[in-house]
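Asker: Here it is, the structure in full.
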Amino acid sequence: MASSRIPQLPTAEDIQAVPLSVFYYALLALGGLIIYGFVGSIYIMNLNPVDALYFAIVTLATVGYGDILPATAIQKIFAVSLALGGVGLIAYVFSLSVSVITMTFEEITSGSKMRKKMAAMENHFVLCGYGRVGAAVFKELKERNQKTIIIEKDRNLVEKELWEDPKVLAIPGDATEESVMKEAGIERARGVIITTGDDVDNLFITLTSREIHPNIWIVTRASKKENIKRLYRSGADRVISPETSGGEDIYFAAIEPTMLKITVMHDVEDIRKEAEIILKYGCTLEDIEYHLPEFKEPLVRKIGVTKLDQLNTFLSSLEKDVNRKKSLERIYESVSGIHSHWISGPDKETLNKLADELKKEDLLLGVNLEADEIKNVARKYGRLVEVVIKPEITIVENHGVSEIGEEAEIILNQGCALEDIEYYLPGFREPLKRNIGIDNLTEIKKFLNILNKDSTKKDSLDRIYALSGGGIHTHRISGPNTMSLGIVEKKLRDRGFLLGVNMTQSEIRETIQKSGKVVQMLVKHEVGKLDDKNIIIGNGGRILDSKHYLPGVRQVVSRNLNLRNKSDLERCQKEYERPDARRSLTALYEISRHIHLHTIAAPDVKKIKKIEKQLDKQGILLGVNLSEDDIWKIVEQENVKQFCIE
């Protein structure tokens, strides 16, 4: 199948390239010959100026009407020289004129100027297909000053639309042909973007591109989802489906190899300094990301700044609109000035130079950092707080129920508010969260009075505190400004309550585990024996619950105990002496083969270790912090004994 490319007329290949200076010299020579004829006609032919000009022209043109005839020998020699010079020079000028006109026509019709530009093009994109999607992609490329050569099958579209803009380089041709791709300079290109609506064509273009340039970055469109895998197998680096993506997504996929994510730290006043460095290298500020706590995804705002004019317009708007500037300053304050940008550039070398300069200016914190890494950077260089209506931080603390009032006083005296509380209970993936919304000491005193009057409620809260790592919990605190939050943070840390700020759930659970204040011990003893409980309570520990594992049905029966002292132990013993309770407990012990699990809390790790050692010495302890599977294996492998309950 013949390709339809930029037309190349045969005459254009045959005609010698004629510099315009040669044509001008020929015209100058012709003018000199006319002057020679005019002057000679006056002095040799003895004619007046009008007749002299007339005689010179008709003789040069070899017309010779015969109305003026040379009479003498010198007149005849003059006429012959004028006629011979005119014939040769006029023919030469005429041939040069034809050549220049032909070449000019060729320049216009065949696009030789365009071919010269294409031949000189390097580090550009080859865009195959200029339909709806292709036009959207080209718009993104054009806005970011990316060099592009378009290949489009529809000749009318190229000639009537694309060639109307002298800055657009386009070839009317079939991108599946190797010669067309080479004409578009694929061997010197940085990437190929394939946006035709035919997946078969896209497949062949991908294969052709990969064959010509094995290392080129290829992004292709897939009209049907089932063809995505085929296009990847054919050699595409990215396959985008317009069903879910648009031109912008295809552009970003194409520019991916020369994109860089920078994480920087500066105030609003330094926006110009940072942006000017980026724009100086011919790069584009694609977006800005603010990493606010409690948000899985960052707050992203598209920018697309490629020119200083855009930057100046934005900064001018800030100066004119005070409220807008204050809003931006509060966002910067909320993240301690730490934010990220995606930057696109002409090549990796340029991006590396840009990063080096930002680092020298003490603006750069890191390159291509993950979300967790950015949070770590934020903790290192500044306090990451949340600004929604007012500044907020999440604090992780460790204290008992008796110290609630002291903790609240530190927070509320700085004009801050306790928004919520979260407890991290063993066996639960998500924390137990309770909204509080207390912003004055009157409310907290009222709450504490209720606790003191209602022992059951106080015991329940105390048990939750003990289960949550022996008193480890989190509060979300809001304040009038970050300075107040900073004071609260310092005072809580000085008091020994604070463990950290804006920690992740995994970090909090790791802290609880490392604290060692709450453990689960698997024990075995006969029903009614209190040796394990005496050892635990005698060493300053407390038993929060007891779990019995019923083999066969694989059920777990939990009993809330909350045994804190000898009085609680005596109460437990009296309950056991009741006949109904004894029968039920005996049956439970027998079915679970006398094996059960205690959740034990203690003030410190040393006491936990002492309890563990004494239980092991008594032969009661089977394991500490065992997995659920390990517990079931131990229970199910235990010898089964017959039992009877009257």
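Chain identifiers are assigned as A, B, and so on, following the order in which chains appear in the structure tokens; residues are numbered from 1 within each chain, and ligands are numbered from 1 in order of appearance.
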Per residue of range 559-639 of chain A within 12 Å of range 418-438 of chain A, note the shortest atom pair and the distance in Å to one decimal, counting only C-alpha atoms, and order the rows by chain and increasing residue number, as CSV.

Answerer:
```
residue,atom,partner,partner_atom,distance
A:Thr599,CA,A:Pro426,CA,9.2
A:Ile600,CA,A:Pro426,CA,11.5
A:Ala601,CA,A:Pro426,CA,11.9
A:Asn625,CA,A:Pro426,CA,10.7
A:Ser627,CA,A:Gly427,CA,10.7
A:Glu628,CA,A:Gly427,CA,10.2
```

Asker: Would you mind listing what lies within 9 Å of Ile343 in chain A as JSON, numbers by chain, with only C-alpha atoms counted and same-chain residues fewer than 4 positions away left out?

Answerer: {"A": [258, 259, 260, 261, 262, 278, 283, 284, 285, 286, 287, 351]}

Asker: Keeping only N, CA, C and O atoms, write the selected residues to a file as a compact mmCIF listing (two decimals), in the first residue's frame.

Answerer:
```
# COMPACT_ATOMS: atom_id res chain seq x y z
N THR A 258 10.86 11.18 32.37
CA THR A 258 11.55 12.44 32.68
C THR A 258 10.71 13.28 33.64
O THR A 258 10.55 14.48 33.46
N MET A 259 10.14 12.59 34.65
CA MET A 259 9.43 13.29 35.71
C MET A 259 10.13 13.03 37.03
O MET A 259 10.72 11.97 37.23
N LEU A 260 10.05 13.99 37.91
CA LEU A 260 10.73 13.90 39.20
C LEU A 260 9.81 14.45 40.27
O LEU A 260 9.18 15.49 40.08
N LYS A 261 9.71 13.74 41.38
CA LYS A 261 8.93 14.24 42.51
C LYS A 261 9.89 14.79 43.55
O LYS A 261 10.73 14.07 44.08
N ILE A 262 9.77 16.08 43.82
CA ILE A 262 10.64 16.71 44.80
C ILE A 262 9.83 17.07 46.03
O ILE A 262 8.68 17.48 45.93
N ILE A 278 13.21 26.18 39.01
CA ILE A 278 12.60 25.10 38.20
C ILE A 278 12.39 25.55 36.76
O ILE A 278 12.74 24.84 35.81
N CYS A 283 11.78 23.35 32.87
CA CYS A 283 10.91 22.32 33.44
C CYS A 283 9.53 22.90 33.76
O CYS A 283 9.34 24.12 33.74
N THR A 284 8.60 22.01 34.06
CA THR A 284 7.22 22.41 34.35
C THR A 284 6.84 21.98 35.75
O THR A 284 7.07 20.84 36.15
N LEU A 285 6.26 22.90 36.51
CA LEU A 285 5.67 22.58 37.82
C LEU A 285 4.28 22.00 37.57
O LEU A 285 3.34 22.74 37.28
N GLU A 286 4.16 20.68 37.66
CA GLU A 286 2.89 20.05 37.30
C GLU A 286 1.83 20.21 38.39
O GLU A 286 0.67 20.46 38.11
N ASP A 287 2.24 20.01 39.67
CA ASP A 287 1.26 20.09 40.76
C ASP A 287 1.95 20.41 42.07
O ASP A 287 3.17 20.57 42.13
N LEU A 351 16.92 17.39 35.09
CA LEU A 351 16.23 17.24 36.37
C LEU A 351 17.22 17.08 37.52
O LEU A 351 17.01 17.61 38.61
```

Asker: Just give me the gap between CA of Leu141 in chain A and CA of Ser234 in chain A in Å, one decimal is fine.

Answerer: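 Straight-line distance from CA of Leu141 in chain A to CA of Ser234 in chain A works out to 25.0 Å.
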
Asker: Which residues come within 12 Å of Glu443 in chain A, counting only C-alpha atoms, excluding same-chain residues fewer than 6 positions away, as a PDB file with N, CA, C and O atoms, in the first residue's frame?

Answerer:
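Resulting contents of out28.pdb:
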```pdb
ATOM      1  N   GLY A 405      -7.300  14.123  84.776  1.00  0.00           N
ATOM      2  CA  GLY A 405      -7.505  15.531  85.093  1.00  0.00           C
ATOM      3  C   GLY A 405      -6.252  16.361  84.863  1.00  0.00           C
ATOM      4  O   GLY A 405      -6.313  17.468  84.301  1.00  0.00           O
ATOM      5  N   ALA A 408      -5.687  16.742  81.076  1.00  0.00           N
ATOM      6  CA  ALA A 408      -6.664  17.662  80.477  1.00  0.00           C
ATOM      7  C   ALA A 408      -6.351  19.112  80.827  1.00  0.00           C
ATOM      8  O   ALA A 408      -6.509  20.019  80.004  1.00  0.00           O
ATOM      9  N   GLU A 409      -5.887  19.340  82.041  1.00  0.00           N
ATOM     10  CA  GLU A 409      -5.575  20.705  82.479  1.00  0.00           C
ATOM     11  C   GLU A 409      -4.446  21.304  81.633  1.00  0.00           C
ATOM     12  O   GLU A 409      -4.503  22.479  81.252  1.00  0.00           O
ATOM     13  N   LEU A 412      -6.149  22.093  78.096  1.00  0.00           N
ATOM     14  CA  LEU A 412      -7.203  23.109  78.070  1.00  0.00           C
ATOM     15  C   LEU A 412      -6.708  24.487  78.497  1.00  0.00           C
ATOM     16  O   LEU A 412      -7.237  25.504  78.054  1.00  0.00           O
ATOM     17  N   ALA A 417      -8.460  22.112  72.588  1.00  0.00           N
ATOM     18  CA  ALA A 417      -9.624  21.265  72.853  1.00  0.00           C
ATOM     19  C   ALA A 417      -9.273  19.803  72.624  1.00  0.00           C
ATOM     20  O   ALA A 417      -8.512  19.467  71.719  1.00  0.00           O
ATOM     21  N   LEU A 418      -9.840  18.938  73.485  1.00  0.00           N
ATOM     22  CA  LEU A 418      -9.713  17.486  73.319  1.00  0.00           C
ATOM     23  C   LEU A 418     -10.834  17.027  72.394  1.00  0.00           C
ATOM     24  O   LEU A 418     -11.998  17.009  72.786  1.00  0.00           O
ATOM     25  N   ILE A 436     -14.970  13.274  71.961  1.00  0.00           N
ATOM     26  CA  ILE A 436     -15.073  13.949  73.259  1.00  0.00           C
ATOM     27  C   ILE A 436     -15.597  15.371  73.072  1.00  0.00           C
ATOM     28  O   ILE A 436     -16.641  15.744  73.581  1.00  0.00           O
ATOM     29  N   GLY A 437     -14.807  16.200  72.376  1.00  0.00           N
ATOM     30  CA  GLY A 437     -15.214  17.577  72.127  1.00  0.00           C
ATOM     31  C   GLY A 437     -15.246  18.432  73.380  1.00  0.00           C
ATOM     32  O   GLY A 437     -16.186  19.203  73.593  1.00  0.00           O
ATOM     33  N   ASN A 449     -16.158  13.753  88.163  1.00  0.00           N
ATOM     34  CA  ASN A 449     -17.101  13.565  89.273  1.00  0.00           C
ATOM     35  C   ASN A 449     -18.013  12.370  89.024  1.00  0.00           C
ATOM     36  O   ASN A 449     -18.318  11.596  89.945  1.00  0.00           O
ATOM     37  N   ILE A 450     -18.462  12.205  87.785  1.00  0.00           N
ATOM     38  CA  ILE A 450     -19.315  11.057  87.438  1.00  0.00           C
ATOM     39  C   ILE A 450     -18.548   9.756  87.648  1.00  0.00           C
ATOM     40  O   ILE A 450     -19.094   8.773  88.175  1.00  0.00           O
TER      41      ILE A 450
END
```

Asker: Considering only helix (DSSP H, G or I) as DSSP defines it on the backbone, what residues of range 313-490 of chain A qualify? List them as a ChimeraX atom specification.

Answerer: /A:313-320,322-334,348-360,371-381,401-412,441-453,455-467,482-490

Asker: Could you give me, as a ChimeraX atom specification, the residues within 10 Å of Leu279 in chain A, counting only C-alpha atoms and dropping anything in the same chain fewer than 5 positions from it?

Answerer: /A:274,284-285,305-308,311,343,345,354

Asker: Skip Ile68 in chain A itself and residues of its chain fewer than 3 positions away, then list as a ChimeraX atom specification all residues within 12 Å of it, counting only C-alpha atoms.

Answerer: /A:41,45-47,51-52,54-56,58-59,63-65,71,75-76,79

Asker: With all heavy atoms retained, write the just-selected residues as a compact mmCIF listing (two decimals), in the first residue's frame.

Answerer:
```txt
# COMPACT_ATOMS: atom_id res chain seq x y z
N SER A 41 24.35 53.57 -27.62
CA SER A 41 23.41 54.07 -28.64
C SER A 41 23.50 55.59 -28.76
O SER A 41 23.29 56.15 -29.84
CB SER A 41 21.98 53.65 -28.28
OG SER A 41 21.85 52.25 -28.30
N MET A 45 25.70 55.28 -31.89
CA MET A 45 24.63 55.36 -32.89
C MET A 45 24.14 56.80 -33.08
O MET A 45 23.34 57.07 -33.96
CB MET A 45 23.44 54.49 -32.43
CG MET A 45 23.78 53.00 -32.35
SD MET A 45 24.19 52.29 -33.96
CE MET A 45 22.62 52.40 -34.79
N ASN A 46 24.61 57.72 -32.23
CA ASN A 46 24.24 59.14 -32.35
C ASN A 46 22.73 59.35 -32.22
O ASN A 46 22.12 60.11 -32.95
CB ASN A 46 24.76 59.75 -33.66
CG ASN A 46 26.28 59.67 -33.77
OD1 ASN A 46 26.99 59.97 -32.81
ND2 ASN A 46 26.77 59.24 -34.93
N LEU A 47 22.11 58.65 -31.25
CA LEU A 47 20.67 58.75 -31.04
C LEU A 47 20.37 59.61 -29.81
O LEU A 47 21.21 59.78 -28.92
CB LEU A 47 20.07 57.35 -30.82
CG LEU A 47 20.25 56.35 -31.99
CD1 LEU A 47 19.73 54.98 -31.56
CD2 LEU A 47 19.50 56.83 -33.24
N ASP A 51 15.37 57.41 -28.19
CA ASP A 51 15.66 56.44 -29.24
C ASP A 51 16.79 55.50 -28.81
O ASP A 51 16.79 54.31 -29.18
CB ASP A 51 16.06 57.17 -30.52
CG ASP A 51 14.87 57.87 -31.18
OD1 ASP A 51 13.72 57.45 -30.87
OD2 ASP A 51 15.08 58.81 -31.95
N ALA A 52 17.72 56.01 -27.98
CA ALA A 52 18.83 55.18 -27.51
C ALA A 52 18.31 54.05 -26.62
O ALA A 52 18.73 52.89 -26.74
CB ALA A 52 19.82 56.03 -26.74
N TYR A 54 15.23 52.88 -26.65
CA TYR A 54 14.43 52.01 -27.51
C TYR A 54 15.32 51.06 -28.30
O TYR A 54 15.06 49.85 -28.35
CB TYR A 54 13.60 52.88 -28.46
CG TYR A 54 12.95 52.12 -29.58
CD1 TYR A 54 11.82 51.33 -29.35
CD2 TYR A 54 13.45 52.20 -30.89
CE1 TYR A 54 11.22 50.63 -30.39
CE2 TYR A 54 12.86 51.51 -31.93
CZ TYR A 54 11.76 50.72 -31.68
OH TYR A 54 11.17 50.03 -32.71
N PHE A 55 16.40 51.59 -28.90
CA PHE A 55 17.28 50.76 -29.72
C PHE A 55 17.98 49.70 -28.86
O PHE A 55 18.11 48.54 -29.27
CB PHE A 55 18.33 51.64 -30.43
CG PHE A 55 19.29 50.86 -31.27
CD1 PHE A 55 18.94 50.43 -32.55
CD2 PHE A 55 20.58 50.53 -30.80
CE1 PHE A 55 19.82 49.70 -33.33
CE2 PHE A 55 21.46 49.80 -31.59
CZ PHE A 55 21.08 49.37 -32.85
N ALA A 56 18.39 50.08 -27.62
CA ALA A 56 19.08 49.13 -26.75
C ALA A 56 18.16 47.96 -26.37
O ALA A 56 18.58 46.79 -26.38
CB ALA A 56 19.58 49.85 -25.49
N VAL A 58 15.27 46.81 -27.94
CA VAL A 58 14.85 45.93 -29.03
C VAL A 58 16.03 45.11 -29.54
O VAL A 58 15.86 43.98 -30.03
CB VAL A 58 14.20 46.74 -30.18
CG1 VAL A 58 12.94 47.45 -29.69
CG2 VAL A 58 15.17 47.73 -30.79
N THR A 59 17.23 45.65 -29.45
CA THR A 59 18.40 44.90 -29.89
C THR A 59 18.72 43.78 -28.90
O THR A 59 19.02 42.64 -29.28
CB THR A 59 19.62 45.82 -30.05
OG1 THR A 59 19.29 46.89 -30.95
CG2 THR A 59 20.82 45.07 -30.59
N VAL A 63 14.71 41.71 -31.25
CA VAL A 63 13.49 41.94 -32.04
C VAL A 63 13.87 42.60 -33.37
O VAL A 63 13.52 42.11 -34.45
CB VAL A 63 12.49 42.80 -31.26
CG1 VAL A 63 11.28 43.13 -32.11
CG2 VAL A 63 12.06 42.08 -29.97
N GLY A 64 14.60 43.73 -33.27
CA GLY A 64 15.12 44.40 -34.48
C GLY A 64 14.07 44.76 -35.49
O GLY A 64 13.95 44.13 -36.53
N TYR A 65 13.29 45.82 -35.22
CA TYR A 65 12.22 46.21 -36.13
C TYR A 65 12.74 46.82 -37.44
O TYR A 65 11.98 46.97 -38.41
CB TYR A 65 11.29 47.21 -35.42
CG TYR A 65 10.52 46.57 -34.27
CD1 TYR A 65 10.80 46.94 -32.96
CD2 TYR A 65 9.55 45.62 -34.54
CE1 TYR A 65 10.11 46.35 -31.93
CE2 TYR A 65 8.85 45.02 -33.50
CZ TYR A 65 9.13 45.38 -32.20
OH TYR A 65 8.46 44.80 -31.18
N ALA A 71 24.92 52.08 -39.56
CA ALA A 71 25.46 52.40 -40.90
C ALA A 71 26.96 52.13 -40.98
O ALA A 71 27.45 51.51 -41.92
CB ALA A 71 25.17 53.87 -41.22
N GLN A 75 29.29 50.91 -35.68
CA GLN A 75 27.90 50.82 -35.24
C GLN A 75 27.39 49.37 -35.38
O GLN A 75 26.66 48.88 -34.52
CB GLN A 75 27.03 51.76 -36.06
CG GLN A 75 27.23 53.23 -35.71
CD GLN A 75 26.37 54.17 -36.56
OE1 GLN A 75 25.89 53.77 -37.63
NE2 GLN A 75 26.20 55.40 -36.10
N LYS A 76 27.81 48.74 -36.47
CA LYS A 76 27.37 47.35 -36.69
C LYS A 76 27.98 46.41 -35.63
O LYS A 76 27.31 45.51 -35.11
CB LYS A 76 27.76 46.91 -38.09
CG LYS A 76 26.95 47.61 -39.18
CD LYS A 76 27.40 47.18 -40.57
CE LYS A 76 26.59 47.90 -41.66
NZ LYS A 76 27.02 47.51 -43.02
N ALA A 79 26.10 46.88 -32.41
CA ALA A 79 24.78 46.25 -32.45
C ALA A 79 24.88 44.74 -32.28
O ALA A 79 24.07 44.10 -31.58
CB ALA A 79 24.07 46.60 -33.75
```

Asker: Within 8 Å of range 167-182 of chain A, counting only C-alpha atoms, which residues qualify if same-chain residues fewer than 3 places away don't, as a VMD selection string?

Answerer: chain A and resid 3 to 6 114 118 128 148 to 155 158 162 to 163 185 to 187 201 204 to 205 208 to 209 212

Asker: Can you tell me which residues surround Val192 in chain A at a distance of at most 6 Å, considering only C-alpha atoms, apart from same-chain residues fewer than 3 positions away, and format the answer as an mmCIF file with C-alpha atoms, in the first residue's frame?

Answerer:
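Dumped to result_24.cif:
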```
data_model
loop_
_atom_site.group_PDB
_atom_site.id
_atom_site.type_symbol
_atom_site.label_atom_id
_atom_site.label_comp_id
_atom_site.auth_asym_id
_atom_site.auth_seq_id
_atom_site.Cartn_x
_atom_site.Cartn_y
_atom_site.Cartn_z
ATOM 1 C CA PHE A 125 7.800 13.018 20.872
ATOM 2 C CA VAL A 126 6.341 11.215 17.877
ATOM 3 C CA ILE A 218 6.226 3.896 24.161
#
```

Asker: Based on the backbone DSSP call, show me all residues of range 28-233 of chain A assigned strand (DSSP E or B), as a PyMOL selection string.

Answerer: chain A and resi 125-128+148-152+169-172+191-194+217-221

Asker: So how far away is CA of Ser468 in chain A from CA of Ile395 in chain A, in Å?

Answerer: 15.0 Å
